[in-house]
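Peer 1: To be precise about what I am sending: the file is called model-v4.csv and holds CSV, C-alpha atoms.
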```csv
chain,number,residue,atom,x,y,z
A,220,MET,CA,-51.4,-5.0,5.1
A,221,PHE,CA,-50.5,-8.5,4.1
A,222,ARG,CA,-52.5,-11.3,5.6
A,223,PHE,CA,-50.6,-14.6,5.7
A,224,ALA,CA,-52.2,-17.5,3.8
A,225,SER,CA,-51.6,-21.1,5.1
A,226,TRP,CA,-51.3,-22.3,1.5
A,227,PHE,CA,-48.7,-19.7,0.5
A,228,MET,CA,-45.8,-22.1,-0.1
A,229,PHE,CA,-45.4,-22.5,-3.8
A,230,ALA,CA,-45.3,-25.9,-5.4
A,231,ALA,CA,-43.4,-24.7,-8.4
A,232,LEU,CA,-40.7,-22.0,-8.3
A,233,GLY,CA,-39.8,-22.0,-12.0
A,234,ILE,CA,-41.6,-20.6,-15.0
A,235,VAL,CA,-41.0,-21.0,-18.7
A,236,GLY,CA,-42.4,-18.8,-21.5
A,237,LEU,CA,-45.9,-19.9,-22.2
A,238,SER,CA,-46.7,-21.6,-25.5
A,239,GLU,CA,-49.4,-20.5,-27.9
A,240,GLY,CA,-51.3,-23.5,-26.7
A,241,ALA,CA,-51.2,-22.3,-23.2
A,242,LEU,CA,-52.5,-18.9,-24.2
A,243,ALA,CA,-55.2,-20.5,-26.3
A,244,GLN,CA,-56.4,-22.3,-23.1
A,245,GLN,CA,-56.5,-18.9,-21.4
A,246,GLY,CA,-58.5,-17.5,-24.4
A,247,ALA,CA,-61.0,-20.3,-24.1
A,248,ARG,CA,-62.0,-19.0,-20.7
A,249,ARG,CA,-64.9,-16.6,-20.4
A,250,LEU,CA,-63.6,-13.1,-21.1
A,251,ALA,CA,-64.6,-10.6,-18.5
A,252,SER,CA,-63.9,-7.0,-17.6
A,253,LEU,CA,-64.6,-5.4,-14.3
A,254,PRO,CA,-67.4,-2.9,-14.5
A,255,ALA,CA,-66.4,0.4,-12.9
A,256,GLY,CA,-68.8,2.3,-10.7
A,257,ALA,CA,-68.9,5.7,-9.1
A,258,ALA,CA,-65.9,7.6,-7.9
A,259,THR,CA,-64.8,6.8,-4.4
A,260,SER,CA,-62.1,7.6,-1.9
A,261,ALA,CA,-58.5,6.5,-2.4
A,262,PRO,CA,-57.0,4.2,0.3
A,263,ILE,CA,-55.2,6.1,3.0
A,264,GLY,CA,-52.0,4.1,2.2
A,265,TRP,CA,-52.1,5.3,-1.4
A,266,VAL,CA,-52.4,8.9,-0.2
A,267,GLN,CA,-49.4,8.4,2.1
A,268,PHE,CA,-47.4,6.7,-0.7
A,269,CYS,CA,-48.1,9.6,-3.1
A,270,GLY,CA,-47.0,12.1,-0.5
A,271,GLU,CA,-43.6,10.4,-0.4
A,272,ASN,CA,-43.4,9.5,-4.1
A,273,PRO,CA,-45.2,12.3,-6.0
A,274,VAL,CA,-43.6,11.6,-9.3
A,275,ASP,CA,-45.1,8.1,-9.3
A,276,CYS,CA,-48.5,9.5,-8.8
A,277,ALA,CA,-48.5,12.5,-11.1
A,278,THR,CA,-48.9,10.8,-14.5
A,279,ARG,CA,-52.4,11.2,-16.0
A,280,SER,CA,-53.6,10.0,-19.4
A,281,PRO,CA,-56.2,11.4,-21.8
A,282,ALA,CA,-57.3,7.9,-22.6
A,283,ALA,CA,-57.5,4.4,-21.2
A,284,ARG,CA,-55.2,1.7,-22.6
A,285,SER,CA,-55.1,-2.1,-22.4
A,286,VAL,CA,-52.6,-4.8,-23.0
A,287,ASN,CA,-52.7,-6.9,-26.2
A,288,LEU,CA,-52.5,-10.3,-24.5
A,289,THR,CA,-50.2,-12.2,-26.8
A,290,SER,CA,-48.5,-15.4,-25.5
A,291,ALA,CA,-45.4,-13.3,-24.9
A,292,ALA,CA,-47.3,-10.6,-23.0
A,293,PHE,CA,-49.0,-13.2,-20.8
A,294,ALA,CA,-45.7,-14.9,-20.0
A,295,GLN,CA,-44.3,-11.5,-19.1
A,296,LEU,CA,-47.1,-10.9,-16.6
A,297,ALA,CA,-46.6,-14.4,-15.1
A,298,ARG,CA,-42.9,-14.0,-14.9
A,299,VAL,CA,-43.0,-10.7,-13.0
A,300,ASN,CA,-45.7,-12.0,-10.7
A,301,LEU,CA,-43.5,-15.0,-9.8
A,302,GLN,CA,-40.3,-13.0,-9.5
A,303,VAL,CA,-41.7,-10.5,-7.0
A,304,ASN,CA,-43.5,-13.2,-5.1
A,305,ARG,CA,-40.3,-15.2,-4.7
A,306,GLU,CA,-37.9,-12.3,-4.1
A,307,ILE,CA,-39.8,-10.3,-1.5
A,308,GLU,CA,-40.1,-11.7,2.0
A,309,GLN,CA,-43.7,-11.1,2.9
A,310,VAL,CA,-44.2,-9.5,6.3
A,311,THR,CA,-46.8,-7.2,7.9
A,312,ASP,CA,-46.4,-3.5,8.2
A,313,MET,CA,-46.6,-3.9,11.9
A,314,ASP,CA,-43.7,-6.3,12.0
A,315,HIS,CA,-41.7,-4.3,9.4
A,316,PHE,CA,-42.4,-0.7,10.3
A,317,GLY,CA,-44.2,-0.8,13.6
A,318,VAL,CA,-47.3,0.7,12.1
A,319,GLU,CA,-50.6,-0.8,10.9
A,320,GLU,CA,-50.5,0.6,7.4
A,321,TYR,CA,-47.6,1.8,5.3
A,322,TRP,CA,-47.3,1.6,1.5
A,323,THR,CA,-43.8,1.7,-0.1
A,324,TYR,CA,-41.6,-0.1,-2.6
A,325,PRO,CA,-40.1,-3.1,-0.9
A,326,VAL,CA,-36.5,-1.8,-1.3
A,327,THR,CA,-35.4,-3.7,1.9
A,328,GLY,CA,-36.5,-7.0,0.4
A,329,LYS,CA,-39.5,-7.2,2.7
A,330,GLY,CA,-43.1,-6.1,2.2
A,331,ASP,CA,-46.8,-6.8,2.4
A,332,CYS,CA,-49.4,-7.1,-0.4
A,333,GLU,CA,-49.5,-3.4,-1.3
A,334,ASP,CA,-45.8,-3.2,-1.5
A,335,LEU,CA,-45.6,-6.2,-3.8
A,336,VAL,CA,-48.3,-4.7,-6.0
A,337,LEU,CA,-46.3,-1.4,-6.2
A,338,GLU,CA,-43.1,-3.4,-7.2
A,339,LYS,CA,-44.9,-5.5,-9.8
A,340,LYS,CA,-46.4,-2.3,-11.4
A,341,ARG,CA,-43.0,-0.6,-11.3
A,342,ARG,CA,-41.2,-3.5,-13.0
A,343,LEU,CA,-43.9,-3.9,-15.7
A,344,ILE,CA,-43.8,-0.2,-16.5
A,345,ALA,CA,-40.1,-0.5,-17.0
A,346,LEU,CA,-40.7,-3.4,-19.4
A,347,GLY,CA,-43.1,-1.2,-21.5
A,348,VAL,CA,-46.5,-2.3,-20.2
A,349,PRO,CA,-48.9,0.6,-20.4
A,350,ARG,CA,-49.3,2.3,-17.0
A,351,GLU,CA,-53.0,2.9,-17.7
A,352,ALA,CA,-53.6,-0.8,-18.0
A,353,MET,CA,-52.2,-1.7,-14.5
A,354,LEU,CA,-54.5,-0.8,-11.6
A,355,ILE,CA,-54.0,-1.2,-7.9
A,356,THR,CA,-57.2,-2.9,-6.7
A,357,VAL,CA,-58.7,-3.4,-3.2
A,358,VAL,CA,-60.6,-6.6,-2.6
A,359,ARG,CA,-61.9,-8.9,0.1
A,360,ASP,CA,-60.1,-12.2,-0.1
A,361,LEU,CA,-61.5,-15.7,0.5
A,362,ASN,CA,-61.5,-15.2,4.3
A,363,GLY,CA,-63.2,-11.8,4.0
A,364,ASP,CA,-60.0,-9.9,4.9
A,365,GLY,CA,-58.8,-6.7,3.1
A,366,HIS,CA,-56.2,-7.4,0.4
A,367,ALA,CA,-54.5,-5.6,-2.5
A,368,ILE,CA,-53.8,-7.0,-5.9
A,369,LEU,CA,-52.7,-5.7,-9.3
A,370,THR,CA,-55.4,-5.8,-12.0
A,371,VAL,CA,-54.2,-5.8,-15.6
A,372,VAL,CA,-56.7,-4.7,-18.2
A,373,THR,CA,-56.2,-6.7,-21.4
A,374,ASP,CA,-58.1,-7.2,-24.7
A,375,ARG,CA,-59.0,-10.7,-23.3
A,376,GLY,CA,-60.4,-9.5,-20.0
A,377,ASP,CA,-59.0,-8.2,-16.7
A,378,TYR,CA,-56.3,-10.4,-15.1
A,379,VAL,CA,-55.0,-10.4,-11.6
A,380,LEU,CA,-51.4,-10.5,-10.2
A,381,ASP,CA,-51.5,-11.6,-6.6
A,382,ASN,CA,-49.0,-12.4,-3.9
A,383,PHE,CA,-51.1,-15.3,-2.7
A,384,THR,CA,-50.5,-17.3,-6.0
A,385,ASN,CA,-48.2,-17.5,-8.9
A,386,GLU,CA,-51.0,-18.1,-11.3
A,387,VAL,CA,-52.3,-15.1,-13.3
A,388,LYS,CA,-56.1,-15.4,-13.3
A,389,LEU,CA,-59.0,-13.6,-14.7
A,390,TRP,CA,-60.6,-11.5,-12.0
A,391,HIS,CA,-63.8,-13.5,-11.7
A,392,GLU,CA,-61.7,-16.7,-11.1
A,393,THR,CA,-60.2,-15.5,-7.9
A,394,GLY,CA,-63.3,-15.8,-5.7
A,395,TYR,CA,-62.6,-12.3,-4.3
A,396,ARG,CA,-65.1,-9.5,-3.7
A,397,PHE,CA,-63.8,-6.5,-5.6
A,398,ILE,CA,-64.2,-3.2,-3.8
A,399,LYS,CA,-62.4,-0.5,-5.7
A,400,ARG,CA,-59.5,0.3,-7.9
A,401,GLN,CA,-57.6,3.1,-9.6
A,402,SER,CA,-59.1,4.9,-12.6
A,403,GLN,CA,-57.3,4.1,-15.9
A,404,THR,CA,-56.7,7.8,-16.7
A,405,ASP,CA,-55.8,9.1,-13.3
A,406,PRO,CA,-54.1,6.9,-10.7
A,407,ASN,CA,-55.3,9.3,-7.9
A,408,GLN,CA,-58.9,8.8,-8.9
A,409,TRP,CA,-60.5,5.6,-7.5
A,410,VAL,CA,-63.7,3.9,-8.6
A,411,SER,CA,-66.0,1.5,-6.9
A,412,LEU,CA,-66.4,-2.1,-8.1
A,413,ASN,CA,-69.5,-4.3,-7.7
A,414,GLY,CA,-71.2,-1.7,-5.6
A,415,GLY,CA,-68.3,-1.7,-3.1
A,416,ALA,CA,-68.0,2.1,-2.7
A,417,ALA,CA,-67.9,1.8,1.1
A,418,GLY,CA,-64.8,-0.4,1.0
A,419,PRO,CA,-62.1,-0.4,3.7
A,420,GLN,CA,-59.8,2.5,4.1
A,421,LEU,CA,-57.2,0.3,5.6
A,422,VAL,CA,-56.7,-2.0,2.7
A,423,ALA,CA,-55.6,-5.2,4.4
A,424,ASN,CA,-55.8,-5.4,8.2
A,425,PRO,CA,-54.3,-8.8,9.1
A,426,ARG,CA,-56.2,-11.2,11.2
A,427,ARG,CA,-54.4,-11.8,14.4
```
Could you show the structure in this file as structure tokens?
Peer 2:
Amino acid sequence: MFRFASWFMFAALGIVGLSEGALAQQGARRLASLPAGAATSAPIGWVQFCGENPVDCATRSPAARSVNLTSAAFAQLARVNLQVNREIEQVTDMDHFGVEEYWTYPVTGKGDCEDLVLEKKRRLIALGVPREAMLITVVRDLNGDGHAILTVVTDRGDYVLDNFTNEVKLWHETGYRFIKRQSQTDPNQWVSLNGGAAGPQLVANPRR
């Protein structure tokens, strides 16, 4: 469930396609991929979502895929991240649905972190980004609270799309503790990250 950040207001609400120079600056950063660990349990919100959207959870792949991170591809990721962050009013599941945890597409124009992740993934799949390269990921944020982000596996490292920021960052630049994420070949199989196999079942319980 989405935890509000005091610094959430965006300074810049427009985005222009990134130049080759901007991508080169990204490429100059240390490349990094998240090391996957042992299999672990799926978040209960994902199980509930799949029960209601079985078609979106049924696709499996014989092989992992990644995004070729050209300047156009990076700009596309940044644009979708910004669009969803701007368009969806961010509210907790308790305020929206009256329950602590509920994963769904934000069709009402409202949602929390998991809902925004689902919407970003859906839009990017429609734009032709490989499904296997976009993984819902559970982390502990800078305050130690549970949070959900979208990790995109690329040939230049694993990048993060986050409702807390419009900037698309390499995973190790977020400052988050990475707990677990989907497998690249089976969205219903989750793997631990950085030894976090005992991560939270309720992905993001907001601090009251």
Peer 1: Give me the residues near Leu343 (chain A) as a PyMOL selection string, where near means some atom within 10 Å (using only C-alpha atoms) and where sequence neighbours in that chain fewer than 2 positions away do not count.
Peer 2: chain A and resi 295-296+299-300+338-341+345-350+353
Peer 1: Which polymer residues have any atom within 9 Å of an atom of Ser402 (chain A), counting all atoms listed in the file, with same-chain residues fewer than 4 positions away left out, as a PyMOL selection string?
Peer 2: chain A and resi 255+258+283+351+354+406-410
Peer 1: Please measure the separation of CA of Gly256 (chain A) and CA of Arg400 (chain A), giving the value in Å to one decimal.
Peer 2: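 The value is 9.9 Å.
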Peer 1: Asn413 (chain A): which residues within 12 Å, counting only C-alpha atoms, same-chain residues fewer than 5 positions away excluded, as JSON, numbers by chain?
Peer 2: {"A": [252, 253, 254, 255, 256, 257, 357, 358, 359, 391, 395, 396, 397, 398, 399, 400, 418]}
Peer 1: Would you mind reading off the distance between CA of Asn287 (chain A) and CA of Glu306 (chain A), one decimal, in Å?
Peer 2: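 According to the coordinates, CA of Asn287 (chain A) and CA of Glu306 (chain A) are separated by 27.1 Å.
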Peer 1: What separation in Å, quoted to one decimal, exists between CA of Glu308 (chain A) and CA of Lys329 (chain A)?
Peer 2: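 Going from CA of Glu308 (chain A) over to CA of Lys329 (chain A) covers 4.6 Å.
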Peer 1: For a cut-off of 12 Å around (-45.9, -5.6, -3.5), file coordinates, pick out all residues using all atoms listed in the file and list them as a count of residues only.
Peer 2: 47
Peer 1: Would you kindly return, as a VMD selection string, each protein, DNA or RNA residue with an atom no farther than 9 Å from any atom of Gly376 (chain A), considering only C-alpha atoms and excluding same-chain residues fewer than 2 positions away?
Peer 2: chain A and resid 249 to 253 371 to 374 378 389 to 390
Peer 1: Counting all atoms listed in the file, which residue out of A:Ala291, A:Pro281, A:Gly365, A:Thr259 sits closest to Leu412 (chain A)?
Peer 2: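 Closest to Leu412 (chain A), using all atoms listed in the file: A:Thr259.
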Peer 1: Let me make sure I understand: among A:Gln267, A:Arg375, A:Ala352, A:Leu361, which one has the smallest atom-to-atom distance to Leu288 (chain A) if we use only C-alpha atoms?
Peer 2: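 For Leu288 (chain A), the nearest of the given residues is A:Arg375.
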Peer 1: So which one's closest to Ala261 (chain A), A:Thr404, A:Arg298, A:Gly394, A:Thr356? Using all atoms listed in the file, please.
Peer 2: A:Thr356
Peer 1: Could you check the closest approach to Trp265 (chain A) for each of A:Met313, A:Glu320, A:Arg284, A:Ala294 and tell me which residue wins, using all atoms listed in the file?
Peer 2: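 The shortest atom-to-atom distance to Trp265 (chain A) comes from A:Glu320.
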